[in-house]
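Working notes for the structure below.
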Amino acid sequence: MARPKCDKCGRELEETFLGKLMGTIMKVKGKTTAICRDCQKNIKPAKK
Ligand SMILES: [Zn+2]
């Protein structure tokens, strides 16, 4: 199974040995966007 690539840095999302992705998959306007754990830290959702 192909691993999703981070939409920010282009790296493949890491998986734990349980097959769980170390990152997050978001759906934006019907498109699936993968964000790795590192980029997740840098992204602060604009909540104001
Ligand atoms: Zn990334």
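Note on naming: chains are A, B, ... as they come in the structure tokens, residues start from 1 per chain, ligands start from 1 in the order shown.
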
- Message: Around ligand 1, which protein and nucleic acid residues have at least one atom no more than 6 Å from it, if we count only C-alpha atoms and all ligand atoms? List them as a PyMOL selection string.
- Response: chain A and resi 6+8-9+11+35-36+38-39

- Task: Excluding A:Ile25 and any residue of its chain fewer than 5 positions from it, enumerate the residues within 7 Å of it, using only C-alpha atoms, and give them as a PyMOL selection string.
- Result: chain A and resi 32-35

- Query: Got a sec to tell me which of stretch 8-48 of chain A DSSP assigns to strand (DSSP E), as a list in words?
  - Reply: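 Output for stretch 8-48 of chain A, strand (DSSP E) only: Gly23, Thr24, Ile25, Met26, Lys27, Val28, Lys31, Thr32, Thr33, Ala34, Ile35 and Cys36 of chain A.
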
For the selection you just gave me, I'd like the residues written to a file as a compact mmCIF listing (two decimals), in the first residue's frame, keeping C-alpha atoms.
```
# COMPACT_ATOMS: atom_id res chain seq x y z
CA GLY A 23 0.48 12.34 10.65
CA THR A 24 -2.91 13.44 9.65
CA ILE A 25 -5.11 13.19 6.60
CA MET A 26 -7.28 16.18 5.96
CA LYS A 27 -9.97 16.69 3.42
CA VAL A 28 -9.93 20.10 1.87
CA LYS A 31 -9.23 16.68 -1.98
CA THR A 32 -7.29 14.55 0.46
CA THR A 33 -4.29 16.25 1.93
CA ALA A 34 -1.71 14.48 4.03
CA ILE A 35 0.31 16.35 6.61
CA CYS A 36 3.22 14.74 8.36
```

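For A:Glu15, the list of residues within 12 Å, based on only C-alpha atoms and with local chain neighbours fewer than 3 positions off taken out, reads Met1, Ala2, Arg3, Pro4, Lys5, Glu12, Leu18, Gly19, Lys20, Leu21, Met22, Gly23, Thr24, Cys36 and Arg37 of chain A.
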
Go ahead and save the picked residues with N, CA and C atoms, as an mmCIF file, in the first residue's frame.
```cif
data_model
loop_
_atom_site.group_PDB
_atom_site.id
_atom_site.type_symbol
_atom_site.label_atom_id
_atom_site.label_comp_id
_atom_site.auth_asym_id
_atom_site.auth_seq_id
_atom_site.Cartn_x
_atom_site.Cartn_y
_atom_site.Cartn_z
ATOM 1 N N MET A 1 0.851 -1.198 0.000
ATOM 2 C CA MET A 1 0.000 0.000 0.000
ATOM 3 C C MET A 1 0.883 1.243 0.000
ATOM 4 N N ALA A 2 0.611 2.119 -0.902
ATOM 5 C CA ALA A 2 1.424 3.334 -0.980
ATOM 6 C C ALA A 2 1.103 4.269 0.169
ATOM 7 N N ARG A 3 2.162 4.834 0.691
ATOM 8 C CA ARG A 3 1.962 5.758 1.790
ATOM 9 C C ARG A 3 1.704 7.149 1.246
ATOM 10 N N PRO A 4 0.820 7.866 1.884
ATOM 11 C CA PRO A 4 0.550 9.229 1.428
ATOM 12 C C PRO A 4 1.745 10.127 1.692
ATOM 13 N N LYS A 5 1.905 11.105 0.838
ATOM 14 C CA LYS A 5 3.012 12.037 1.004
ATOM 15 C C LYS A 5 2.513 13.323 1.616
ATOM 16 N N GLU A 12 7.228 11.160 2.657
ATOM 17 C CA GLU A 12 6.199 10.170 2.921
ATOM 18 C C GLU A 12 5.865 10.163 4.402
ATOM 19 N N LEU A 18 2.326 -0.612 13.861
ATOM 20 C CA LEU A 18 0.947 -1.081 13.820
ATOM 21 C C LEU A 18 0.243 -0.635 12.546
ATOM 22 N N GLY A 19 0.992 0.065 11.719
ATOM 23 C CA GLY A 19 0.401 0.525 10.469
ATOM 24 C C GLY A 19 -0.357 1.822 10.614
ATOM 25 N N LYS A 20 -0.166 2.458 11.761
ATOM 26 C CA LYS A 20 -0.848 3.730 11.971
ATOM 27 C C LYS A 20 0.004 4.869 11.435
ATOM 28 N N LEU A 21 -0.616 5.793 10.771
ATOM 29 C CA LEU A 21 0.139 6.886 10.178
ATOM 30 C C LEU A 21 0.544 7.903 11.231
ATOM 31 N N MET A 22 1.807 8.357 11.119
ATOM 32 C CA MET A 22 2.287 9.394 12.022
ATOM 33 C C MET A 22 2.055 10.741 11.361
ATOM 34 N N GLY A 23 0.823 11.088 11.308
ATOM 35 C CA GLY A 23 0.483 12.340 10.650
ATOM 36 C C GLY A 23 -1.005 12.439 10.588
ATOM 37 N N THR A 24 -1.479 13.280 9.718
ATOM 38 C CA THR A 24 -2.915 13.437 9.648
ATOM 39 C C THR A 24 -3.359 13.576 8.200
ATOM 40 N N CYS A 36 2.399 15.548 7.464
ATOM 41 C CA CYS A 36 3.218 14.737 8.358
ATOM 42 C C CYS A 36 3.254 15.350 9.752
ATOM 43 N N ARG A 37 3.807 14.579 10.668
ATOM 44 C CA ARG A 37 3.804 15.009 12.056
ATOM 45 C C ARG A 37 4.604 16.290 12.247
#
```

- Message: Going by DSSP on the backbone, which residues of chain A come out as alpha helix (DSSP H)? List them as a list of chain:residue names.
- Response: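 Reading the DSSP output for chain A, alpha helix (DSSP H) covers A:Arg37, A:Asp38, A:Cys39, A:Gln40, A:Lys41, A:Asn42.
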